[in-house]
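Shown below: my_file.txt, with compact mmCIF, C-alpha atoms and all ligand atoms.
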# COMPACT_ATOMS: atom_id res chain seq x y z
CA MET A 774 0.00 0.00 0.00
CA SER A 775 1.41 3.41 -0.89
CA ASP A 776 2.41 5.88 1.81
CA ASP A 777 0.41 8.36 -0.26
CA ALA A 778 -2.85 6.59 0.71
CA LEU A 779 -1.82 6.78 4.36
CA PHE A 780 -0.99 10.47 3.99
CA GLN A 781 -4.35 11.13 2.32
CA ALA A 782 -6.08 9.23 5.13
CA ALA A 783 -4.26 11.32 7.76
CA GLU A 784 -5.27 14.49 5.92
CA ALA A 785 -8.92 13.39 5.68
CA LEU A 786 -8.96 12.41 9.35
CA SER A 787 -7.44 15.74 10.42
CA ARG A 788 -10.07 17.63 8.44
CA ALA A 789 -13.08 15.52 9.48
CA HIS A 790 -15.64 17.16 11.74
CA TYR A 791 -17.00 13.95 13.24
CA ALA A 792 -14.96 10.78 12.69
CA VAL A 793 -16.22 7.44 14.03
CA ALA A 794 -14.53 4.01 13.92
CA LEU A 795 -16.31 0.75 13.14
CA THR A 796 -14.23 -2.23 14.22
CA GLY A 797 -14.44 -5.98 13.77
CA ALA A 798 -12.58 -9.10 14.82
CA GLY A 799 -9.56 -8.22 12.67
CA ILE A 800 -8.47 -5.48 15.08
CA SER A 801 -8.12 -8.05 17.87
CA VAL A 802 -6.40 -10.79 15.85
CA GLU A 803 -2.98 -9.53 16.91
CA SER A 804 -4.11 -9.73 20.52
CA GLY A 805 -4.47 -13.47 19.93
CA ILE A 806 -8.24 -13.58 19.45
CA PRO A 807 -9.17 -15.44 16.25
CA ALA A 808 -11.30 -13.76 13.60
CA PHE A 809 -14.42 -15.57 12.42
CA ARG A 810 -13.87 -15.71 8.67
CA GLY A 811 -10.82 -16.17 6.45
CA ALA A 812 -8.08 -18.79 6.55
CA GLN A 813 -7.70 -19.03 10.33
CA GLY A 814 -11.31 -18.07 11.03
CA LEU A 815 -13.18 -19.62 13.95
CA TRP A 816 -16.07 -20.55 11.67
CA ASN A 817 -13.74 -22.91 9.81
CA ARG A 818 -13.60 -24.99 12.99
CA TYR A 819 -17.05 -24.40 14.41
CA ASP A 820 -20.15 -24.28 12.21
CA PRO A 821 -21.84 -21.00 13.22
CA ALA A 822 -25.26 -22.59 12.67
CA GLN A 823 -24.42 -25.10 15.42
CA TYR A 824 -22.37 -22.85 17.69
CA ALA A 825 -23.34 -19.21 17.19
CA HIS A 826 -27.12 -19.28 16.73
CA ILE A 827 -29.32 -18.68 19.76
CA SER A 828 -31.39 -21.80 18.97
CA ALA A 829 -28.19 -23.90 19.01
CA PHE A 830 -27.30 -22.42 22.41
CA MET A 831 -30.78 -23.11 23.81
CA ASP A 832 -30.82 -26.69 22.45
CA HIS A 833 -27.22 -27.68 23.26
CA PRO A 834 -25.76 -25.20 25.79
CA GLY A 835 -23.02 -27.62 26.90
CA LYS A 836 -21.82 -28.10 23.32
CA VAL A 837 -21.79 -24.36 22.55
CA TRP A 838 -20.05 -23.67 25.85
CA LYS A 839 -17.18 -25.91 24.72
CA MET A 840 -16.43 -23.32 22.02
CA LEU A 841 -17.17 -20.42 24.37
CA GLY A 842 -14.84 -21.89 27.00
CA GLU A 843 -12.03 -21.98 24.43
CA LEU A 844 -12.69 -18.33 23.51
CA TYR A 845 -12.81 -17.24 27.15
CA GLY A 846 -9.48 -18.93 27.74
CA ILE A 847 -8.01 -16.84 24.91
CA MET A 848 -9.79 -13.61 25.89
CA LYS A 849 -8.54 -13.90 29.48
CA ARG A 850 -4.95 -13.65 28.24
CA ALA A 851 -5.60 -11.04 25.53
CA GLN A 852 -4.16 -7.56 25.86
CA PRO A 853 -5.07 -4.44 23.87
CA ASN A 854 -2.72 -4.09 20.88
CA ALA A 855 -1.20 -1.07 19.11
CA ALA A 856 -4.31 -0.69 16.93
CA HIS A 857 -6.68 -0.44 19.90
CA ILE A 858 -4.28 2.03 21.51
CA ALA A 859 -4.07 4.11 18.32
CA LEU A 860 -7.85 4.52 18.27
CA ALA A 861 -7.81 5.55 21.93
CA GLU A 862 -5.12 8.13 21.09
CA LEU A 863 -7.22 9.54 18.23
CA GLU A 864 -10.12 9.93 20.67
CA GLU A 865 -7.80 11.64 23.15
CA MET A 866 -6.68 14.02 20.38
CA GLY A 867 -10.34 14.85 19.70
CA LEU A 868 -10.15 13.32 16.22
CA LEU A 869 -12.32 10.28 16.90
CA LYS A 870 -15.72 10.71 18.56
CA ALA A 871 -16.68 7.08 19.09
CA VAL A 872 -15.80 3.47 18.39
CA VAL A 873 -18.64 1.20 17.31
CA THR A 874 -17.31 -2.32 17.79
CA GLN A 875 -18.68 -5.70 16.78
CA ASN A 876 -16.20 -7.30 19.17
CA VAL A 877 -17.11 -8.52 22.64
CA ASP A 878 -13.57 -8.63 24.07
CA GLY A 879 -13.57 -5.27 25.88
CA LEU A 880 -10.10 -4.44 24.46
CA HIS A 881 -11.05 -0.95 23.23
CA GLN A 882 -12.02 0.10 26.75
CA ARG A 883 -8.88 -1.46 28.20
CA ALA A 884 -6.83 0.47 25.61
CA GLY A 885 -8.36 3.71 26.92
CA SER A 886 -11.21 4.41 24.50
CA LYS A 887 -13.99 6.15 26.41
CA ARG A 888 -16.91 6.17 23.97
CA VAL A 889 -17.32 2.56 22.86
CA ILE A 890 -20.62 1.23 21.53
CA GLU A 891 -20.71 -2.56 21.83
CA PHE A 892 -22.96 -3.56 18.96
CA HIS A 893 -22.85 -7.29 19.76
CA GLY A 894 -22.73 -7.00 23.55
CA ASN A 895 -19.83 -7.83 25.82
CA GLY A 896 -18.46 -11.23 26.82
CA GLU A 897 -17.35 -10.06 30.25
CA THR A 898 -20.73 -10.68 31.84
CA LEU A 899 -22.90 -13.80 31.89
CA VAL A 900 -26.67 -13.74 32.43
CA CYS A 901 -28.84 -16.47 34.01
CA LEU A 902 -31.51 -17.60 31.53
CA SER A 903 -33.83 -18.50 34.44
CA CYS A 904 -33.61 -15.69 36.99
CA GLY A 905 -31.85 -12.98 34.96
CA ARG A 906 -29.06 -12.47 37.50
CA SER A 907 -25.79 -11.39 35.93
CA PHE A 908 -22.23 -12.32 36.85
CA ARG A 909 -18.79 -11.18 35.75
CA VAL A 910 -17.21 -14.11 33.92
CA GLU A 911 -14.22 -14.17 36.28
CA GLU A 912 -16.65 -14.85 39.17
CA VAL A 913 -17.86 -18.05 37.47
CA SER A 914 -16.13 -21.41 37.26
CA LEU A 915 -15.96 -22.76 33.71
CA ASP A 916 -14.74 -26.16 34.89
CA GLU A 917 -18.20 -27.59 34.40
CA LEU A 918 -20.09 -26.61 31.24
CA PRO A 919 -22.57 -25.13 30.84
CA PRO A 920 -21.92 -22.92 33.87
CA ARG A 921 -24.97 -22.53 36.07
CA CYS A 922 -26.45 -19.89 38.37
CA PRO A 923 -26.99 -20.78 42.06
CA CYS A 924 -30.67 -20.99 41.03
CA SER A 925 -29.46 -23.77 38.65
CA GLY A 926 -30.36 -21.74 35.56
CA ILE A 927 -27.92 -21.89 32.61
CA LEU A 928 -25.60 -18.89 32.21
CA LYS A 929 -25.32 -17.23 28.78
CA PRO A 930 -22.67 -14.67 27.75
CA ASN A 931 -24.16 -11.19 27.40
CA VAL A 932 -23.35 -11.26 23.67
CA VAL A 933 -25.60 -11.23 20.60
CA PHE A 934 -25.98 -14.65 19.00
CA PHE A 935 -27.25 -15.01 15.45
CA GLY A 936 -31.03 -14.94 15.67
CA GLU A 937 -30.96 -12.40 18.53
CA SER A 938 -31.57 -8.69 18.15
CA ILE A 939 -28.96 -6.00 18.69
CA PRO A 940 -29.31 -4.33 22.12
CA PRO A 941 -31.73 -1.46 21.35
CA GLU A 942 -29.56 1.22 22.99
CA ALA A 943 -26.43 0.14 21.09
CA LEU A 944 -28.42 0.00 17.86
CA SER A 945 -29.85 3.51 18.18
CA GLU A 946 -26.59 5.00 19.46
CA ALA A 947 -24.55 3.44 16.63
CA PHE A 948 -26.92 4.71 13.94
CA GLU A 949 -27.00 8.15 15.55
CA GLU A 950 -23.17 8.22 15.44
CA ALA A 951 -23.31 7.17 11.78
CA ARG A 952 -25.81 9.97 11.07
CA ARG A 953 -23.48 12.55 12.62
CA CYS A 954 -20.36 11.07 11.09
CA ASP A 955 -18.56 12.56 8.08
CA LEU A 956 -15.69 10.06 8.16
CA MET A 957 -15.85 6.40 9.17
CA LEU A 958 -12.66 4.45 9.86
CA VAL A 959 -13.64 0.82 9.15
CA VAL A 960 -11.07 -1.49 10.73
CA GLY A 961 -10.78 -5.28 10.58
CA THR A 962 -14.28 -6.26 9.54
CA SER A 963 -15.43 -8.37 6.60
CA ALA A 964 -18.62 -6.25 6.66
CA GLN A 965 -20.74 -9.34 6.05
CA VAL A 966 -22.98 -9.20 9.11
CA TYR A 967 -25.96 -6.87 9.33
CA PRO A 968 -27.09 -4.50 10.70
CA ALA A 969 -23.50 -3.55 11.66
CA ALA A 970 -22.42 -3.61 8.01
CA GLU A 971 -25.18 -1.09 7.19
CA LEU A 972 -23.36 1.63 9.13
CA PRO A 973 -20.68 2.49 6.51
CA TYR A 974 -23.36 2.52 3.81
CA LYS A 975 -25.32 5.04 5.85
CA VAL A 976 -22.23 7.25 6.17
CA ALA A 977 -21.40 6.97 2.45
CA ARG A 978 -25.02 7.74 1.45
CA GLU A 979 -24.71 11.04 3.33
CA GLY A 980 -21.50 11.83 1.41
CA GLY A 981 -19.15 10.78 4.22
CA THR A 982 -15.61 9.46 3.66
CA ILE A 983 -14.92 5.77 4.27
CA ILE A 984 -11.37 4.80 5.18
CA GLU A 985 -10.97 1.02 5.31
CA VAL A 986 -8.09 -0.73 7.11
CA ASN A 987 -7.94 -4.43 6.26
CA LEU A 988 -5.55 -7.19 5.25
CA GLU A 989 -7.71 -7.81 2.21
CA GLU A 990 -10.50 -6.22 0.19
CA THR A 991 -14.07 -6.63 1.40
CA GLY A 992 -17.52 -6.06 -0.10
CA LEU A 993 -17.16 -2.40 0.90
CA THR A 994 -13.86 -1.79 -0.88
CA HIS A 995 -15.12 -1.34 -4.45
CA ASP A 996 -18.61 -0.33 -3.37
CA LEU A 997 -18.01 2.70 -1.21
CA THR A 998 -14.51 2.83 0.30
CA THR A 999 -12.81 6.17 -0.36
CA LEU A 1000 -9.35 5.13 0.84
CA PHE A 1001 -8.35 1.48 1.23
CA LEU A 1002 -5.35 0.96 3.52
CA LYS A 1003 -4.23 -2.60 2.93
CA GLY A 1004 -2.30 -4.15 5.79
CA ARG A 1005 -2.31 -5.01 9.47
CA ALA A 1006 -4.23 -2.67 11.77
CA THR A 1007 -1.40 -2.76 14.32
CA ASP A 1008 0.97 -1.42 11.64
CA LEU A 1009 -1.29 1.04 9.83
CA LEU A 1010 -3.20 2.71 12.67
CA PRO A 1011 -0.13 3.78 14.69
CA ARG A 1012 1.44 5.14 11.47
CA LEU A 1013 -1.79 7.02 10.78
CA VAL A 1014 -1.68 8.55 14.27
CA ASP A 1015 2.00 9.50 13.84
CA LEU A 1016 1.23 11.19 10.51
CA VAL A 1017 -1.70 13.09 12.00
CA LYS A 1018 0.48 14.20 14.92
CA ALA A 1019 3.45 15.18 12.74
CA GLU A 1020 1.49 16.88 9.97
CA GLY A 1021 -1.59 17.78 11.97
CA GLN A 1022 -1.01 21.50 11.91
CA ALA A 1023 -0.20 21.39 8.15
CA PHE A 1024 -3.64 19.97 7.22
CA THR A 1025 -5.87 22.41 9.03
N1 LIG A 1101 -5.49 -6.17 10.48
C1 LIG A 1101 -6.55 -5.73 9.75
N2 LIG A 1101 -7.56 -6.53 9.33
C2 LIG A 1101 -7.49 -7.83 9.66
C3 LIG A 1101 -6.42 -8.38 10.41
C4 LIG A 1101 -5.40 -7.49 10.82
N3 LIG A 1101 -4.33 -7.91 11.53
N4 LIG A 1101 -6.64 -9.72 10.57
C5 LIG A 1101 -7.80 -9.99 9.94
N5 LIG A 1101 -8.31 -8.87 9.39
C6 LIG A 1101 -9.56 -8.71 8.66
C7 LIG A 1101 -9.93 -9.86 7.75
O1 LIG A 1101 -9.37 -9.65 6.46
C8 LIG A 1101 -11.46 -9.75 7.73
O2 LIG A 1101 -11.90 -8.88 6.70
O3 LIG A 1101 -10.58 -8.65 9.64
C9 LIG A 1101 -11.80 -9.12 9.08
C10 LIG A 1101 -12.41 -10.10 10.06
O4 LIG A 1101 -13.67 -10.46 9.53
P1 LIG A 1101 -14.61 -11.44 10.37
O5 LIG A 1101 -13.81 -12.58 10.89
O6 LIG A 1101 -15.81 -11.71 9.52
O7 LIG A 1101 -15.03 -10.58 11.64
P2 LIG A 1101 -16.16 -9.49 11.74
O8 LIG A 1101 -16.28 -8.73 10.47
O9 LIG A 1101 -15.92 -8.75 12.98
O10 LIG A 1101 -17.48 -10.39 11.92
C11 LIG A 1101 -18.68 -9.71 12.20
O11 LIG A 1101 -19.75 -11.83 12.54
O12 LIG A 1101 -19.68 -13.95 13.38
C12 LIG A 1101 -20.16 -12.69 13.61
O13 LIG A 1101 -20.70 -11.77 15.67
C13 LIG A 1101 -19.62 -12.11 14.88
O14 LIG A 1101 -19.08 -9.80 15.35
C14 LIG A 1101 -18.88 -10.87 14.44
C15 LIG A 1101 -19.52 -10.56 13.10
In structure tokens, how does this file's structure come out?
Amino acid sequence: MSDDALFQAAEALSRAHYAVALTGAGISVESGIPAFRGAQGLWNRYDPAQYAHISAFMDHPGKVWKMLGELYGIMKRAQPNAAHIALAELEEMGLLKAVVTQNVDGLHQRAGSKRVIEFHGNGETLVCLSCGRSFRVEEVSLDELPPRCPCSGILKPNVVFFGESIPPEALSEAFEEARRCDLMLVVGTSAQVYPAAELPYKVAREGGTIIEVNLEETGLTHDLTTLFLKGRATDLLPRLVDLVKAEGQAFT
């Protein structure tokens, strides 16, 4: 990818009035959390119809928890990476107003991002399907699966499974951010899952700029992406921040 594209992205970001990031699993890959699609994708090993749909969870909670237990083991060790930190820095600099994330790993908040909209919920809490009580995952033993509430109800991660609706507050907040946004930084998402993937289309329809950071092209790239930055988020986002910092005053 040419440095020119990166420079143009830094210029666009510096001039934006209301930039928002949309992130997907790709931003956390270098924290050790597998993405869902692509060569090493989780869905190559677990059929999402049998492991990621709410009806699969309700019918076979123990089986789905085997996958969830593996993911929790990875998430427990995961640390925010340079890409998460770069987005937090852009927010600190006043250049990024919010992060809408499809991820449930909490790494944006741990990197220092303040305004994070969790479109698919957050894996750090579990909810009892019988009595509704919620627990932080570290309070719960995952030795026996599925984990159960003291009331003996089955515990479910507070994340959105296929077949479930997006938490209403996250949905309305994310679309409000997209309405206000004149530049969306789309990082590490295949943009295949709706309604999250609708957000960049909404921004582009209103004439907003779409900057895409991804290892490979997606359905957005030739449809509506203004600037495609091909590469790893942990490489490109810190370089973008450095360029904005170094040239910041030159763009305005
Ligand atoms: N840097 C940048 N992009 C990366 C990197 C990286 N280091 N590694 C992978 N990617 C890109 C891949 O090229 C891919 O386009 O990240 C994207 C990951 O896509 P998915 O695995 O489909 O993840 P995501 O788009 O977040 O999935 C959306 O699908 O299964 C559901 O609920 C799940 O939230 C998830 C939703």
Exercise. What's the 6 Å shell around A:His826, counting all atoms listed in the file, without same-chain residues fewer than 4 positions away, as a ChimeraX atom specification?
Worked result: /A:822,934-936
Store the residues picked out above, limited to C-alpha atoms, as a PDB file, in the frame of the given file.
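Dumped everything to selection13.pdb:
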ATOM      1  CA  ALA A 822     -25.260 -22.590  12.670  1.00  0.00           C
ATOM      2  CA  PHE A 934     -25.980 -14.650  19.000  1.00  0.00           C
ATOM      3  CA  PHE A 935     -27.250 -15.010  15.450  1.00  0.00           C
ATOM      4  CA  GLY A 936     -31.030 -14.940  15.670  1.00  0.00           C
TER       5      GLY A 936
END
For this session: Could you check which of A:Leu869, A:Val976, A:Leu815, A:Leu988 is closest to A:Met840, using all atoms listed in the file?
Result: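 Once distances to A:Met840 are computed over all atoms listed in the file, the minimum belongs to A:Leu815.
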Exercise. Nearest to A:Pro1011 among A:Leu863, A:Ala829, A:Leu844, A:Cys954, with distances taken over only C-alpha atoms: which residue is it?
Worked result: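 Looking at the shortest contact to A:Pro1011, the residue is A:Leu863.
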Which residues of chain A come within 7 Å of ligand LIG 1101 (chain A), and what is each one's closest atom pair and distance in Å (one decimal), counting all atoms listed in the file, sorted by chain and residue number, as JSON lines?
{"residue": "A:Thr796", "atom": "CA", "partner": "A:LIG1101", "partner_atom": "O9", "distance": 6.8}
{"residue": "A:Gly797", "atom": "CA", "partner": "A:LIG1101", "partner_atom": "O9", "distance": 3.2}
{"residue": "A:Ala798", "atom": "CA", "partner": "A:LIG1101", "partner_atom": "O9", "distance": 3.8}
{"residue": "A:Gly799", "atom": "CA", "partner": "A:LIG1101", "partner_atom": "O3", "distance": 3.2}
{"residue": "A:Ile800", "atom": "CA", "partner": "A:LIG1101", "partner_atom": "N1", "distance": 5.5}
{"residue": "A:Val802", "atom": "CA", "partner": "A:LIG1101", "partner_atom": "N4", "distance": 5.4}
{"residue": "A:Glu803", "atom": "CA", "partner": "A:LIG1101", "partner_atom": "N3", "distance": 5.8}
{"residue": "A:Ala808", "atom": "CA", "partner": "A:LIG1101", "partner_atom": "O5", "distance": 3.9}
{"residue": "A:Phe809", "atom": "CA", "partner": "A:LIG1101", "partner_atom": "O5", "distance": 3.4}
{"residue": "A:Arg810", "atom": "CA", "partner": "A:LIG1101", "partner_atom": "O5", "distance": 3.8}
{"residue": "A:Gly811", "atom": "CA", "partner": "A:LIG1101", "partner_atom": "O5", "distance": 6.4}
{"residue": "A:Gly814", "atom": "CA", "partner": "A:LIG1101", "partner_atom": "O5", "distance": 6.0}
{"residue": "A:Gln875", "atom": "CA", "partner": "A:LIG1101", "partner_atom": "O14", "distance": 4.4}
{"residue": "A:Asn876", "atom": "CA", "partner": "A:LIG1101", "partner_atom": "O14", "distance": 5.4}
{"residue": "A:His893", "atom": "CA", "partner": "A:LIG1101", "partner_atom": "O14", "distance": 6.3}
{"residue": "A:Val933", "atom": "CA", "partner": "A:LIG1101", "partner_atom": "O13", "distance": 7.0}
{"residue": "A:Phe934", "atom": "CA", "partner": "A:LIG1101", "partner_atom": "O13", "distance": 6.9}
{"residue": "A:Val960", "atom": "CA", "partner": "A:LIG1101", "partner_atom": "C1", "distance": 6.3}
{"residue": "A:Gly961", "atom": "CA", "partner": "A:LIG1101", "partner_atom": "O3", "distance": 3.5}
{"residue": "A:Thr962", "atom": "CA", "partner": "A:LIG1101", "partner_atom": "O8", "distance": 3.3}
{"residue": "A:Ser963", "atom": "CA", "partner": "A:LIG1101", "partner_atom": "O2", "distance": 3.6}
{"residue": "A:Ala964", "atom": "CA", "partner": "A:LIG1101", "partner_atom": "O8", "distance": 5.1}
{"residue": "A:Gln965", "atom": "CA", "partner": "A:LIG1101", "partner_atom": "O8", "distance": 6.3}
{"residue": "A:Val966", "atom": "CA", "partner": "A:LIG1101", "partner_atom": "C11", "distance": 5.3}
{"residue": "A:Val986", "atom": "CA", "partner": "A:LIG1101", "partner_atom": "C1", "distance": 5.9}
{"residue": "A:Asn987", "atom": "CA", "partner": "A:LIG1101", "partner_atom": "N2", "distance": 3.7}
{"residue": "A:Leu988", "atom": "CA", "partner": "A:LIG1101", "partner_atom": "N2", "distance": 4.6}
{"residue": "A:Glu989", "atom": "CA", "partner": "A:LIG1101", "partner_atom": "O1", "distance": 4.9}
{"residue": "A:Thr991", "atom": "CA", "partner": "A:LIG1101", "partner_atom": "O2", "distance": 6.2}
{"residue": "A:Gly1004", "atom": "CA", "partner": "A:LIG1101", "partner_atom": "C1", "distance": 6.0}
{"residue": "A:Arg1005", "atom": "CA", "partner": "A:LIG1101", "partner_atom": "N1", "distance": 3.5}
{"residue": "A:Ala1006", "atom": "CA", "partner": "A:LIG1101", "partner_atom": "N1", "distance": 3.9}
{"residue": "A:Thr1007", "atom": "CA", "partner": "A:LIG1101", "partner_atom": "N3", "distance": 6.5}
Pull C-alpha atoms from the residues just selected and write them as a short mmCIF file (atom, residue, chain, number, x, y, z; two decimals), in the frame of the given file.
data_model
loop_
_atom_site.label_atom_id
_atom_site.label_comp_id
_atom_site.auth_asym_id
_atom_site.auth_seq_id
_atom_site.Cartn_x
_atom_site.Cartn_y
_atom_site.Cartn_z
CA THR A 796 -14.23 -2.23 14.22
CA GLY A 797 -14.44 -5.98 13.77
CA ALA A 798 -12.58 -9.10 14.82
CA GLY A 799 -9.56 -8.22 12.67
CA ILE A 800 -8.47 -5.48 15.08
CA VAL A 802 -6.40 -10.79 15.85
CA GLU A 803 -2.98 -9.53 16.91
CA ALA A 808 -11.30 -13.76 13.60
CA PHE A 809 -14.42 -15.57 12.42
CA ARG A 810 -13.87 -15.71 8.67
CA GLY A 811 -10.82 -16.17 6.45
CA GLY A 814 -11.31 -18.07 11.03
CA GLN A 875 -18.68 -5.70 16.78
CA ASN A 876 -16.20 -7.30 19.17
CA HIS A 893 -22.85 -7.29 19.76
CA VAL A 933 -25.60 -11.23 20.60
CA PHE A 934 -25.98 -14.65 19.00
CA VAL A 960 -11.07 -1.49 10.73
CA GLY A 961 -10.78 -5.28 10.58
CA THR A 962 -14.28 -6.26 9.54
CA SER A 963 -15.43 -8.37 6.60
CA ALA A 964 -18.62 -6.25 6.66
CA GLN A 965 -20.74 -9.34 6.05
CA VAL A 966 -22.98 -9.20 9.11
CA VAL A 986 -8.09 -0.73 7.11
CA ASN A 987 -7.94 -4.43 6.26
CA LEU A 988 -5.55 -7.19 5.25
CA GLU A 989 -7.71 -7.81 2.21
CA THR A 991 -14.07 -6.63 1.40
CA GLY A 1004 -2.30 -4.15 5.79
CA ARG A 1005 -2.31 -5.01 9.47
CA ALA A 1006 -4.23 -2.67 11.77
CA THR A 1007 -1.40 -2.76 14.32
#
Exercise. So how far away is atom CA of A:Leu944 from atom CA of A:Gly980, in Å?
Worked result: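 Interatomic distance here is 21.4 Å.
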For this session: Quote the spacing between atom CA of A:Gly805 and atom CA of A:Asn854 in Å to one decimal place.
Result: 9.6 Å
Exercise. Between A:Glu971, A:Glu784, A:Asp1015, A:Glu1020, which is the closest to A:Leu997 once you count all atoms listed in the file?
Worked result: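 The answer is A:Glu971, which sits nearest to A:Leu997.
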Exercise. Can you tell me, as a ChimeraX atom specification, what residues are no more than 9 Å from A:Ala783 when counting only C-alpha atoms, ignoring any on the same chain fewer than 2 positions away?
Worked result: /A:778-781,785-788,1013-1017,1020-1021,1024
For this session: List every protein, DNA or RNA residue that has an atom no more than 12 Å from (-28.5, 3.2, 17.5) in the file's coordinate frame, counting all atoms listed in the file, and report them as a ChimeraX atom specification.
Result: /A:873,890-892,939-953,968-969,971-972
For this session: List the neighbours of A:Ser925 out to 10 Å using all atoms listed in the file; skip same-chain residues closer than 4 positions along the sequence, and give me the result as a list in words.
Result: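 Within the cut-off, the hits are Cys901, Leu902, Ser903, Cys904, Pro920 and Arg921 of chain A.
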Exercise. For A:Arg909, which residue among A:Arg1012, A:Asn931, A:Gly926, A:Ile806 is the nearest when counting all atoms listed in the file?
Worked result: A:Asn931
For this session: Quote the spacing between atom CA of A:Thr982 and atom CA of A:Ala782 in Å to one decimal place.
Result: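 Here the two named atoms are 9.6 Å from each other.
The nearest approach to A:Gly896 among the residues A:Ala977, A:Glu912, A:Met957, A:Tyr845, with all atoms listed in the file taken into account, belongs to A:Tyr845.
Residue nearest A:Ala851, chosen from A:Lys839, A:Lys870, A:Arg883, A:Lys975 and counting all atoms listed in the file: A:Arg883.
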Using all atoms listed in the file, I'd like a table of the residues in stretch 882-901 of chain A that come within 12 Å of stretch 857-860 of chain A; for each, show the closest atom pair and its distance in Å rounded to one decimal, ordered by chain and ascending number, as a Markdown table.
| residue | atom | partner | partner_atom | distance |
| --- | --- | --- | --- | --- |
| A:Gln882 | CA | A:His857 | CA | 8.7 |
| A:Arg883 | CA | A:His857 | CA | 8.6 |
| A:Ala884 | CA | A:Ile858 | CA | 5.1 |
| A:Gly885 | CA | A:Ile858 | CA | 7.0 |
| A:Ser886 | CA | A:Leu860 | CA | 7.1 |
| A:Lys887 | CA | A:Leu860 | CA | 10.3 |
| A:Arg888 | CA | A:Leu860 | CA | 10.8 |
| A:Val889 | CA | A:Leu860 | CA | 10.7 |
Dump as a short mmCIF file (atom, residue, chain, number, x, y, z; two decimals), keeping the file's coordinate frame, selection limited to C-alpha atoms:
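So the final result, stored in out18.cif, reads:
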data_model
loop_
_atom_site.label_atom_id
_atom_site.label_comp_id
_atom_site.auth_asym_id
_atom_site.auth_seq_id
_atom_site.Cartn_x
_atom_site.Cartn_y
_atom_site.Cartn_z
CA GLN A 882 -12.02 0.10 26.75
CA ARG A 883 -8.88 -1.46 28.20
CA ALA A 884 -6.83 0.47 25.61
CA GLY A 885 -8.36 3.71 26.92
CA SER A 886 -11.21 4.41 24.50
CA LYS A 887 -13.99 6.15 26.41
CA ARG A 888 -16.91 6.17 23.97
CA VAL A 889 -17.32 2.56 22.86
#
